[in-house]
$ cat protein-v3.cif   # mmCIF, C-alpha atoms (C1' of nucleotides)
data_entry
#
loop_
_atom_site.group_PDB
_atom_site.id
_atom_site.type_symbol
_atom_site.label_atom_id
_atom_site.label_comp_id
_atom_site.auth_asym_id
_atom_site.auth_seq_id
_atom_site.Cartn_x
_atom_site.Cartn_y
_atom_site.Cartn_z
ATOM 1 C CA MET G 22 16.652 -40.921 156.092
ATOM 2 C CA ILE G 23 17.327 -44.550 156.889
ATOM 3 C CA ALA G 24 19.377 -47.358 155.427
ATOM 4 C CA ILE G 25 17.936 -50.255 153.475
ATOM 5 C CA GLY G 26 17.983 -52.648 156.413
ATOM 6 C CA GLU G 27 15.876 -50.339 158.522
ATOM 7 C CA ALA G 28 13.538 -49.652 155.591
ATOM 8 C CA SER G 29 13.147 -53.394 155.246
ATOM 9 C CA ARG G 30 12.304 -53.747 158.920
ATOM 10 C CA GLN G 31 9.818 -50.880 158.860
ATOM 11 C CA SER G 32 8.076 -52.030 155.681
ATOM 12 C CA GLY G 33 8.246 -55.785 155.991
ATOM 13 C CA VAL G 34 9.739 -56.024 152.513
ATOM 14 C CA GLY G 35 12.994 -57.982 152.308
ATOM 15 C CA ILE G 36 16.227 -56.188 151.455
ATOM 16 C CA GLU G 37 16.778 -58.150 148.262
ATOM 17 C CA THR G 38 13.167 -57.558 147.308
ATOM 18 C CA ILE G 39 13.540 -53.821 147.792
ATOM 19 C CA ARG G 40 16.530 -53.779 145.474
ATOM 20 C CA TYR G 41 14.559 -55.945 143.043
ATOM 21 C CA TYR G 42 11.658 -53.460 143.057
ATOM 22 C CA GLU G 43 14.150 -50.716 142.342
ATOM 23 C CA ARG G 44 15.702 -52.623 139.426
ATOM 24 C CA GLU G 45 12.259 -53.295 138.003
ATOM 25 C CA GLY G 46 11.198 -49.682 138.315
ATOM 26 C CA ILE G 47 8.386 -50.475 140.761
ATOM 27 C CA VAL G 48 9.729 -47.895 143.195
ATOM 28 C CA PRO G 49 11.845 -44.843 142.336
ATOM 29 C CA ARG G 50 15.569 -44.943 142.943
ATOM 30 C CA PRO G 51 16.223 -43.753 146.458
ATOM 31 C CA ALA G 52 18.739 -41.130 147.512
ATOM 32 C CA ARG G 53 22.300 -42.248 148.141
ATOM 33 C CA ALA G 54 24.673 -41.382 150.935
ATOM 34 C CA LEU G 55 28.225 -40.266 150.151
ATOM 35 C CA ASN G 56 29.339 -43.855 150.655
ATOM 36 C CA ASN G 57 26.890 -44.962 147.961
ATOM 37 C CA ARG G 58 24.453 -46.603 150.349
ATOM 38 C CA ARG G 59 20.759 -46.209 149.705
ATOM 39 C CA LEU G 60 18.829 -43.757 151.876
ATOM 40 C CA TYR G 61 15.084 -44.088 152.328
ATOM 41 C CA SER G 62 12.632 -41.383 153.314
ATOM 42 C CA ALA G 63 9.364 -41.873 155.153
ATOM 43 C CA SER G 64 7.428 -41.809 151.893
ATOM 44 C CA ASP G 65 9.789 -44.367 150.370
ATOM 45 C CA VAL G 66 8.941 -46.641 153.272
ATOM 46 C CA GLY G 67 5.273 -45.816 152.752
ATOM 47 C CA ARG G 68 5.499 -47.028 149.166
ATOM 48 C CA LEU G 69 7.099 -50.263 150.263
ATOM 49 C CA ARG G 70 4.412 -50.841 152.871
ATOM 50 C CA PHE G 71 1.757 -50.165 150.266
ATOM 51 C CA LEU G 72 3.303 -52.707 147.926
ATOM 52 C CA LYS G 73 3.613 -55.218 150.738
ATOM 53 C CA LYS G 74 -0.099 -54.982 151.508
ATOM 54 C CA CYS G 75 -1.037 -55.357 147.849
ATOM 55 C CA ARG G 76 1.168 -58.439 147.531
ATOM 56 C CA ASP G 77 -0.236 -59.901 150.744
ATOM 57 C CA LEU G 78 -3.673 -59.441 149.225
ATOM 58 C CA GLY G 79 -2.516 -61.570 146.325
ATOM 59 C CA PHE G 80 -2.374 -58.851 143.698
ATOM 60 C CA PRO G 81 0.208 -59.656 141.041
ATOM 61 C CA LEU G 82 3.163 -57.310 141.173
ATOM 62 C CA SER G 83 2.035 -55.590 137.992
ATOM 63 C CA ASP G 84 -1.280 -54.751 139.670
ATOM 64 C CA ALA G 85 0.512 -53.632 142.806
ATOM 65 C CA LYS G 86 2.576 -51.296 140.690
ATOM 66 C CA ALA G 87 -0.520 -49.953 138.959
ATOM 67 C CA LEU G 88 -2.281 -49.411 142.283
ATOM 68 C CA LEU G 89 0.732 -47.594 143.649
ATOM 69 C CA GLU G 90 0.783 -45.332 140.615
ATOM 70 C CA LEU G 91 -2.924 -44.648 140.986
ATOM 71 C CA SER G 92 -2.306 -43.894 144.613
ATOM 72 C CA GLU G 93 0.367 -41.356 143.744
ATOM 73 C CA GLY G 94 -1.648 -39.739 140.999
ATOM 74 C CA SER G 95 -3.043 -36.275 141.603
ATOM 75 C CA ALA G 96 -6.650 -37.266 140.965
ATOM 76 C CA GLU G 97 -7.182 -40.732 142.257
ATOM 77 C CA ASP G 98 -9.082 -42.862 139.814
ATOM 78 C CA CYS G 99 -11.372 -44.845 142.022
ATOM 79 C CA ARG G 100 -12.956 -46.588 139.080
ATOM 80 C CA SER G 101 -9.644 -48.019 137.868
ATOM 81 C CA VAL G 102 -8.846 -49.174 141.360
ATOM 82 C CA LYS G 103 -12.156 -50.930 141.667
ATOM 83 C CA GLU G 104 -11.709 -52.523 138.271
ATOM 84 C CA LEU G 105 -8.337 -53.959 139.191
ATOM 85 C CA ALA G 106 -9.661 -55.156 142.518
ATOM 86 C CA GLU G 107 -12.753 -56.789 141.080
ATOM 87 C CA THR G 108 -10.816 -58.585 138.391
ATOM 88 C CA HIS G 109 -8.575 -59.841 141.128
ATOM 89 C CA ILE G 110 -11.507 -60.892 143.311
ATOM 90 C CA ALA G 111 -12.926 -62.813 140.374
ATOM 91 C CA SER G 112 -9.669 -64.662 139.879
ATOM 92 C CA VAL G 113 -9.496 -65.421 143.598
ATOM 93 C CA ARG G 114 -13.027 -66.838 143.450
ATOM 94 C CA SER G 115 -12.277 -68.988 140.458
ATOM 95 C CA LYS G 116 -9.170 -70.293 142.156
ATOM 96 C CA ILE G 117 -11.264 -71.186 145.190
ATOM 97 C CA ASP G 118 -13.728 -73.062 143.000
ATOM 98 C CA GLU G 119 -10.977 -74.919 141.236
ATOM 99 C CA LEU G 120 -9.338 -75.911 144.496
ATOM 100 C CA ARG G 121 -12.645 -77.116 145.885
ATOM 101 C CA ARG G 122 -13.118 -79.371 142.886
ATOM 102 C CA LEU G 123 -9.588 -80.626 143.380
ATOM 103 C CA GLU G 124 -10.188 -81.302 147.032
ATOM 104 C CA HIS G 125 -13.257 -83.305 146.160
ATOM 105 C CA ALA G 126 -11.485 -85.337 143.512
ATOM 106 C CA LEU G 127 -8.546 -86.040 145.775
ATOM 107 C CA SER G 128 -10.766 -87.109 148.657
ATOM 108 C CA GLU G 129 -12.515 -89.551 146.396
ATOM 109 C CA LEU G 130 -9.251 -90.880 145.082
ATOM 110 C CA THR G 131 -7.883 -91.656 148.509
ATOM 111 C CA ALA G 132 -11.159 -92.916 149.950
ATOM 112 C CA ASN G 133 -10.407 -96.580 149.363
ATOM 113 C CA CYS G 134 -6.715 -96.219 149.831
ATOM 114 C CA ASP G 135 -5.588 -98.144 152.866
ATOM 115 C CA SER G 136 -2.446 -99.883 153.839
ATOM 116 C CA GLY G 137 -2.556 -103.549 153.047
ATOM 117 C CA ASN G 138 -3.797 -103.211 149.497
ATOM 118 C CA VAL G 139 -1.819 -105.088 146.945
ATOM 119 C CA GLN G 140 -3.025 -102.796 144.214
ATOM 120 C CA CYS G 141 -3.508 -99.207 145.239
ATOM 121 C CA PRO G 142 -6.926 -98.018 144.056
ATOM 122 C CA MET G 143 -5.739 -94.470 143.651
ATOM 123 C CA LEU G 144 -2.919 -95.507 141.355
ATOM 124 C CA GLN G 145 -5.352 -97.721 139.480
ATOM 125 C CA ARG G 146 -7.588 -94.791 138.784
ATOM 126 C CA LEU G 147 -4.726 -92.503 137.837
ATOM 127 C CA ARG G 148 -3.536 -95.146 135.393
ATOM 128 C CA THR G 149 -6.734 -96.120 133.767
ATOM 129 C CA MET G 150 -9.641 -93.780 134.143
ATOM 130 C CA ASP G 151 -10.411 -90.942 131.810
ATOM 131 C CA ASP G 152 -12.692 -88.851 133.963
ATOM 132 C CA ILE G 153 -10.057 -87.350 136.183
ATOM 133 C CA MET I 95 5.522 -96.713 118.088
ATOM 134 C CA ILE I 96 4.490 -93.124 117.458
ATOM 135 C CA ALA I 97 6.218 -89.776 117.073
ATOM 136 C CA ILE I 98 6.274 -87.098 119.723
ATOM 137 C CA GLY I 99 3.478 -85.059 118.174
ATOM 138 C CA GLU I 100 1.111 -88.009 118.257
ATOM 139 C CA ALA I 101 2.198 -88.872 121.808
ATOM 140 C CA SER I 102 1.426 -85.299 122.769
ATOM 141 C CA ARG I 103 -2.030 -85.523 121.198
ATOM 142 C CA GLN I 104 -2.796 -88.866 122.872
ATOM 143 C CA SER I 105 -1.586 -87.810 126.316
ATOM 144 C CA GLY I 106 -2.534 -84.164 126.430
ATOM 145 C CA VAL I 107 1.019 -83.246 127.396
ATOM 146 C CA GLY I 108 2.639 -80.581 125.218
ATOM 147 C CA ILE I 109 5.575 -81.526 123.007
ATOM 148 C CA GLU I 110 7.972 -79.161 124.744
ATOM 149 C CA THR I 111 6.764 -80.446 128.082
ATOM 150 C CA ILE I 112 7.409 -84.034 127.055
ATOM 151 C CA ARG I 113 10.972 -83.154 126.139
ATOM 152 C CA TYR I 114 11.271 -81.249 129.404
ATOM 153 C CA TYR I 115 10.117 -84.306 131.374
ATOM 154 C CA GLU I 116 12.717 -86.343 129.560
ATOM 155 C CA ARG I 117 15.506 -83.862 130.335
ATOM 156 C CA GLU I 118 14.459 -83.832 133.984
ATOM 157 C CA GLY I 119 14.392 -87.601 134.187
ATOM 158 C CA ILE I 120 10.666 -87.705 134.995
ATOM 159 C CA VAL I 121 10.100 -90.171 132.157
ATOM 160 C CA PRO I 122 12.659 -92.566 130.686
ATOM 161 C CA ARG I 123 14.323 -91.688 127.415
ATOM 162 C CA PRO I 124 12.204 -93.051 124.608
ATOM 163 C CA ALA I 125 13.416 -95.150 121.718
ATOM 164 C CA ARG I 126 14.751 -93.362 118.667
ATOM 165 C CA ALA I 127 14.129 -93.952 114.997
ATOM 166 C CA LEU I 128 17.056 -94.136 112.608
ATOM 167 C CA ASN I 129 16.532 -90.475 111.821
ATOM 168 C CA ASN I 130 16.967 -89.659 115.518
ATOM 169 C CA ARG I 131 13.333 -88.873 116.123
ATOM 170 C CA ARG I 132 11.759 -90.004 119.372
ATOM 171 C CA LEU I 133 9.477 -93.038 119.267
ATOM 172 C CA TYR I 134 6.874 -93.598 121.950
ATOM 173 C CA SER I 135 5.247 -96.874 122.950
ATOM 174 C CA ALA I 136 1.802 -97.308 124.437
ATOM 175 C CA SER I 137 3.246 -97.462 127.948
ATOM 176 C CA ASP I 138 5.256 -94.293 127.327
ATOM 177 C CA VAL I 139 2.004 -92.591 126.476
ATOM 178 C CA GLY I 140 0.458 -94.163 129.581
ATOM 179 C CA ARG I 141 3.130 -92.559 131.718
ATOM 180 C CA LEU I 142 2.495 -89.191 130.167
ATOM 181 C CA ARG I 143 -1.232 -89.517 130.739
ATOM 182 C CA PHE I 144 -0.578 -90.486 134.336
ATOM 183 C CA LEU I 145 1.606 -87.428 134.856
ATOM 184 C CA LYS I 146 -0.961 -85.216 133.185
ATOM 185 C CA LYS I 147 -3.652 -86.353 135.592
ATOM 186 C CA CYS I 148 -1.409 -85.827 138.603
ATOM 187 C CA ARG I 149 -0.549 -82.321 137.443
ATOM 188 C CA ASP I 150 -4.186 -81.535 136.741
ATOM 189 C CA LEU I 151 -4.907 -82.590 140.305
ATOM 190 C CA GLY I 152 -2.416 -79.987 141.418
ATOM 191 C CA PHE I 153 0.320 -82.338 142.590
ATOM 192 C CA PRO I 154 3.727 -80.707 142.295
ATOM 193 C CA LEU I 155 5.831 -82.327 139.628
ATOM 194 C CA SER I 156 8.047 -83.928 142.261
ATOM 195 C CA ASP I 157 4.983 -85.654 143.726
ATOM 196 C CA ALA I 158 3.805 -86.656 140.274
ATOM 197 C CA LYS I 159 7.178 -88.239 139.683
ATOM 198 C CA ALA I 160 7.029 -90.056 143.010
ATOM 199 C CA LEU I 161 3.516 -91.304 142.285
ATOM 200 C CA LEU I 162 4.593 -92.520 138.877
ATOM 201 C CA GLU I 163 7.477 -94.403 140.427
ATOM 202 C CA LEU I 164 5.183 -95.931 143.022
ATOM 203 C CA SER I 165 2.866 -96.890 140.222
ATOM 204 C CA GLU I 166 5.639 -98.656 138.370
ATOM 205 C CA GLY I 167 6.986 -100.411 141.464
ATOM 206 C CA SER I 168 6.453 -104.142 141.776
ATOM 207 C CA ALA I 169 4.648 -103.929 145.099
ATOM 208 C CA GLU I 170 2.563 -100.818 145.127
ATOM 209 C CA ASP I 171 2.939 -98.936 148.351
ATOM 210 C CA CYS I 172 -0.566 -97.763 149.024
ATOM 211 C CA ARG I 173 0.435 -96.131 152.253
ATOM 212 C CA SER I 174 3.006 -93.880 150.594
ATOM 213 C CA VAL I 175 0.482 -92.944 147.962
ATOM 214 C CA LYS I 176 -2.069 -92.012 150.568
ATOM 215 C CA GLU I 177 0.512 -90.018 152.492
ATOM 216 C CA LEU I 178 1.434 -87.963 149.453
ATOM 217 C CA ALA I 179 -2.203 -87.443 148.598
ATOM 218 C CA GLU I 180 -3.221 -86.387 152.088
ATOM 219 C CA THR I 181 -0.367 -83.948 152.425
ATOM 220 C CA HIS I 182 -1.491 -82.515 149.147
ATOM 221 C CA ILE I 183 -5.125 -82.369 150.228
ATOM 222 C CA ALA I 184 -4.054 -80.517 153.357
ATOM 223 C CA SER I 185 -2.179 -77.961 151.306
ATOM 224 C CA VAL I 186 -5.148 -77.567 148.977
ATOM 225 C CA ARG I 187 -7.383 -76.953 151.999
ATOM 226 C CA SER I 188 -5.073 -74.371 153.469
ATOM 227 C CA LYS I 189 -4.887 -72.600 150.130
ATOM 228 C CA ILE I 190 -8.671 -72.521 150.029
ATOM 229 C CA ASP I 191 -8.779 -70.995 153.511
ATOM 230 C CA GLU I 192 -6.211 -68.417 152.617
ATOM 231 C CA LEU I 193 -8.034 -67.435 149.443
ATOM 232 C CA ARG I 194 -11.305 -67.151 151.335
ATOM 233 C CA ARG I 195 -9.707 -64.730 153.769
ATOM 234 C CA LEU I 196 -8.344 -62.788 150.822
ATOM 235 C CA GLU I 197 -11.692 -62.678 149.134
ATOM 236 C CA HIS I 198 -13.240 -61.298 152.291
ATOM 237 C CA ALA I 199 -10.565 -58.646 152.732
ATOM 238 C CA LEU I 200 -10.821 -57.595 149.096
ATOM 239 C CA SER I 201 -14.589 -57.366 149.194
ATOM 240 C CA GLU I 202 -14.383 -55.103 152.221
ATOM 241 C CA LEU I 203 -11.765 -52.941 150.572
ATOM 242 C CA THR I 204 -13.837 -52.315 147.479
ATOM 243 C CA ALA I 205 -17.145 -51.957 149.296
ATOM 244 C CA ASN I 206 -17.079 -48.162 149.411
ATOM 245 C CA CYS I 207 -15.222 -47.780 146.177
ATOM 246 C CA ASP I 208 -17.389 -46.015 143.637
ATOM 247 C CA SER I 209 -16.751 -43.771 140.740
ATOM 248 C CA GLY I 210 -17.004 -40.155 141.682
ATOM 249 C CA ASN I 211 -14.883 -40.341 144.806
ATOM 250 C CA VAL I 212 -12.151 -37.776 144.986
ATOM 251 C CA GLN I 213 -10.189 -39.919 147.369
ATOM 252 C CA CYS I 214 -10.421 -43.633 146.786
ATOM 253 C CA PRO I 215 -11.235 -45.369 150.070
ATOM 254 C CA MET I 216 -9.413 -48.518 149.028
ATOM 255 C CA LEU I 217 -6.212 -46.629 148.324
ATOM 256 C CA GLN I 218 -6.681 -44.775 151.598
ATOM 257 C CA ARG I 219 -6.773 -48.011 153.498
ATOM 258 C CA LEU I 220 -3.853 -49.496 151.594
ATOM 259 C CA ARG I 221 -1.821 -46.419 152.401
ATOM 260 C CA THR I 222 -2.642 -45.963 156.023
ATOM 261 C CA MET I 223 -4.113 -48.908 157.839
ATOM 262 C CA ASP I 224 -2.080 -51.527 159.592
ATOM 263 C CA ASP I 225 -4.634 -54.313 159.851
ATOM 264 C CA ILE I 226 -4.535 -55.446 156.271
ATOM 265 C "C1'" DT B 100 44.255 -49.320 167.703
ATOM 266 C "C1'" DA B 101 43.083 -53.698 166.165
ATOM 267 C "C1'" DT B 102 39.807 -56.778 165.153
ATOM 268 C "C1'" DA B 103 35.490 -58.929 164.826
ATOM 269 C "C1'" DA B 104 30.841 -58.635 163.461
ATOM 270 C "C1'" DC B 105 27.645 -56.355 160.964
ATOM 271 C "C1'" DT B 106 25.617 -54.015 157.043
ATOM 272 C "C1'" DC B 107 25.883 -52.630 152.571
ATOM 273 C "C1'" DC B 108 27.288 -52.761 147.472
ATOM 274 C "C1'" DT B 109 27.030 -54.965 142.519
ATOM 275 C "C1'" DG B 110 26.177 -58.692 139.706
ATOM 276 C "C1'" DT B 111 24.824 -63.235 138.713
ATOM 277 C "C1'" DA B 112 22.349 -67.498 139.195
ATOM 278 C "C1'" DG B 113 18.817 -70.332 141.104
ATOM 279 C "C1'" DT B 114 13.741 -71.526 142.116
ATOM 280 C "C1'" DA B 115 8.879 -74.274 139.556
ATOM 281 C "C1'" DA B 116 7.267 -75.885 135.627
ATOM 282 C "C1'" DC B 117 7.035 -74.980 131.770
ATOM 283 C "C1'" DT B 118 6.923 -72.093 127.129
ATOM 284 C "C1'" DA B 119 8.919 -69.908 123.249
ATOM 285 C "C1'" DC B 120 11.956 -69.284 120.139
ATOM 286 C "C1'" DA B 121 16.301 -69.827 116.724
ATOM 287 C "C1'" DG B 122 18.327 -72.288 113.349
ATOM 288 C "C1'" DG B 123 18.503 -76.298 111.154
ATOM 289 C "C1'" DA B 124 17.226 -81.223 109.398
ATOM 290 C "C1'" DT B 125 13.894 -84.421 107.695
ATOM 291 C "C1'" DC B 126 9.586 -86.154 105.880
ATOM 292 C "C1'" DA B 127 5.107 -86.670 103.264
ATOM 293 C "C1'" DA B 128 2.190 -85.035 99.650
ATOM 294 C "C1'" DG B 129 1.334 -83.246 95.251
ATOM 295 C "C1'" DC U 113 10.972 -80.664 93.201
ATOM 296 C "C1'" DT U 114 8.908 -77.851 96.158
ATOM 297 C "C1'" DT U 115 5.896 -76.719 99.961
ATOM 298 C "C1'" DG U 116 4.486 -77.332 104.503
ATOM 299 C "C1'" DA U 117 4.442 -80.084 108.497
ATOM 300 C "C1'" DT U 118 7.082 -82.154 111.892
ATOM 301 C "C1'" DC U 119 11.106 -83.019 114.223
ATOM 302 C "C1'" DC U 120 15.894 -81.985 116.341
ATOM 303 C "C1'" DT U 121 19.151 -79.378 119.848
ATOM 304 C "C1'" DG U 122 20.043 -75.676 122.647
ATOM 305 C "C1'" DT U 123 19.065 -71.437 124.820
ATOM 306 C "C1'" DA U 124 16.338 -67.846 126.939
ATOM 307 C "C1'" DG U 125 12.100 -66.074 128.871
ATOM 308 C "C1'" DT U 126 8.191 -66.296 132.344
ATOM 309 C "C1'" DT U 127 6.808 -64.658 138.057
ATOM 310 C "C1'" DA U 128 8.478 -62.698 141.963
ATOM 311 C "C1'" DC U 129 11.593 -63.166 144.303
ATOM 312 C "C1'" DT U 130 15.844 -65.472 146.963
ATOM 313 C "C1'" DA U 131 20.545 -66.757 147.492
ATOM 314 C "C1'" DC U 132 24.873 -66.338 146.913
ATOM 315 C "C1'" DA U 133 29.930 -64.487 145.633
ATOM 316 C "C1'" DG U 134 33.199 -61.301 146.397
ATOM 317 C "C1'" DG U 135 34.239 -57.068 148.070
ATOM 318 C "C1'" DA U 136 33.936 -52.580 150.834
ATOM 319 C "C1'" DG U 137 32.636 -49.792 154.472
ATOM 320 C "C1'" DT U 138 30.719 -49.242 159.470
ATOM 321 C "C1'" DT U 139 30.093 -50.144 164.350
ATOM 322 C "C1'" DA U 140 31.186 -52.353 168.705
ATOM 323 C "C1'" DT U 141 34.256 -54.479 171.599
ATOM 324 C "C1'" DA U 142 38.977 -55.704 173.540
#

$ encode --input "protein-v3.cif" --output "structure tokens"
Amino acid sequence: MIAIGEASRQSGVGIETIRYYEREGIVPRPARALNNRRLYSASDVGRLRFLKKCRDLGFPLSDAKALLELSEGSAEDCRSVKELAETHIASVRSKIDELRRLEHALSELTANCDSGNVQCPMLQRLRTMDDI
Amino acid sequence: MIAIGEASRQSGVGIETIRYYEREGIVPRPARALNNRRLYSASDVGRLRFLKKCRDLGFPLSDAKALLELSEGSAEDCRSVKELAETHIASVRSKIDELRRLEHALSELTANCDSGNVQCPMLQRLRTMDDI
DNA sequence: TATAACTCCTGTAGTAACTACAGGATCAAG
DNA sequence: CTTGATCCTGTAGTTACTACAGGAGTTATA
């Protein structure tokens, strides 16, 4: 059993974040030492690492929690997992599309923008045009 | 001079958001009618429309504010505008890259995930592997 | 043994950019 | 005169943390 600092180091999840997950009920309350300090087991650390990977993959915390629960369940529900993941993939793809459109629009806006202009063409367009 | 609801309709910025911009000093305080209701001029609405476009382009509000101020300045500083825009474009591009990597990782994770599995391969990987 | 440096505790507040009320006042239409 | 729309201020909620404040206990060094 290890203290919170070590659990943080082993899992990559910050100390404050670990306590936050505990407050929010994302992870179970850990054991406590006689001096009231939190004590983490190997499987506690495993849960934190699991959550870390989900978050790094961009899953919202609520999804990460759901995936963790599925992962702890006796019969793992592969279909639910896939559903969550595919919804997430779809939202990632639509974000990519949106950002690509943005990139395009921004490139166009700055195209004629060079030092020495009295009137900045980008500002002009932001002020006046309706198609942005 | 129009009321806040009409200004919201004409600019596309929500009523609460308009008041929020005012509180934050993003837009100047509008005139008030005798009954204390806000009154917006055409240029007030112009500012709101400008901000709306900046936000739609993904500029953080602080950038939108800066761009608005540049736009109001007597001598428009095209170089500053371009700098803000290019920094923003760079961050958009890096977000796109990051999301593409995510999409790839997620697709791989779900590849072998089909209903009927006793052990979900995605959960397996989330639990055990270190390369995610 | 004293003391410094470290880690931990609880609880609260701050972040970005809104959004959603609550509770009340005012206004326009019929 | 009443109904419904709009407006006002002020506060709290959203996401997922992060940063303290203020205090207590632990470990390492002198």

$ closest_atom_pairs --input "protein-v3.cif" --of "region 64-149 of chain G" --to "region 128-135 of chain U" --cutoff "12 Å" --atoms "only C-alpha atoms (C1' of nucleotides)" --output "tab-separated table"
residue	atom	partner	partner_atom	distance
G:Arg76	CA	U:DA128	C1'	10.1
G:Gly79	CA	U:DA128	C1'	11.9
G:Phe80	CA	U:DA128	C1'	11.6
G:Pro81	CA	U:DA128	C1'	8.9
G:Leu82	CA	U:DA128	C1'	7.6
G:Ser83	CA	U:DA128	C1'	10.4

$ atom_distance --input "protein-v3.cif" --atom1 "CA of Leu89 (chain G)" --atom2 "CA of Leu72 (chain G)"
7.1 Å

$ residues_around --input "protein-v3.cif" --residues "Val34 (chain G)" --least-positions-apart "6" --cutoff "8 Å" --atoms "all atoms listed in the file" --output "ChimeraX atom specification"
/G:69-70,73

$ interface_residues --input "protein-v3.cif" --of "chain I" --to "chain B" --cutoff "10 Å" --atoms "all atoms listed in the file" --output "list in words"
Gly108, Glu110, Thr111, Tyr114, Tyr115, Asn129, Asn130, Arg131, Pro154 and Leu155 of chain I

$ interface_residues --input "protein-v3.cif" --of "chain I" --to "chain G" --cutoff "8 Å" --atoms "only C-alpha atoms" --output "MDAnalysis selection string"
chainID I and resid 140 143:144 147:148 151:152 161 165 169:173 175:176 179:180 183 186:187 189:190 193:194 196:197 199:201 204 207:214 216:217 220:221 226

$ atom_distance --input "protein-v3.cif" --atom1 "C1' of DT114 (chain U)" --atom2 "CA of Leu128 (chain I)"
24.5 Å

$ interface_residues --input "protein-v3.cif" --of "chain I" --to "chain U" --cutoff "12 Å" --atoms "all atoms listed in the file" --output "PDB file with C-alpha atoms, in the frame of the given file"
ATOM      1  CA  ALA I  97       6.218 -89.776 117.073  1.00  0.00           C
ATOM      2  CA  ILE I  98       6.274 -87.098 119.723  1.00  0.00           C
ATOM      3  CA  GLY I  99       3.478 -85.059 118.174  1.00  0.00           C
ATOM      4  CA  GLU I 100       1.111 -88.009 118.257  1.00  0.00           C
ATOM      5  CA  ILE I 109       5.575 -81.526 123.007  1.00  0.00           C
ATOM      6  CA  GLU I 110       7.972 -79.161 124.744  1.00  0.00           C
ATOM      7  CA  ARG I 113      10.972 -83.154 126.139  1.00  0.00           C
ATOM      8  CA  ARG I 117      15.506 -83.862 130.335  1.00  0.00           C
ATOM      9  CA  ARG I 126      14.751 -93.362 118.667  1.00  0.00           C
ATOM     10  CA  ALA I 127      14.129 -93.952 114.997  1.00  0.00           C
ATOM     11  CA  ASN I 129      16.532 -90.475 111.821  1.00  0.00           C
ATOM     12  CA  ASN I 130      16.967 -89.659 115.518  1.00  0.00           C
ATOM     13  CA  ARG I 131      13.333 -88.873 116.123  1.00  0.00           C
ATOM     14  CA  ARG I 132      11.759 -90.004 119.372  1.00  0.00           C
ATOM     15  CA  LEU I 133       9.477 -93.038 119.267  1.00  0.00           C
TER      16      LEU I 133
END

$ axis_aligned_box --input "protein-v3.cif" --around "region 142-147 of chain I" --padding-each-side "5 Å" --output "lines of an AutoDock Vina configuration file"
center_x = -0.6
center_y = -87.9
center_z = 132.9
size_x = 16.1
size_y = 15.3
size_z = 15.4

$ closest_residue --input "protein-v3.cif" --among "I:Val121, I:Ala158, I:Ala101, I:Ile112" --to "Tyr134 (chain I)" --atoms "only C-alpha atoms"
I:Ala101

$ atom_distance --input "protein-v3.cif" --atom1 "CA of Ile47 (chain G)" --atom2 "CA of Glu90 (chain G)"
9.2 Å
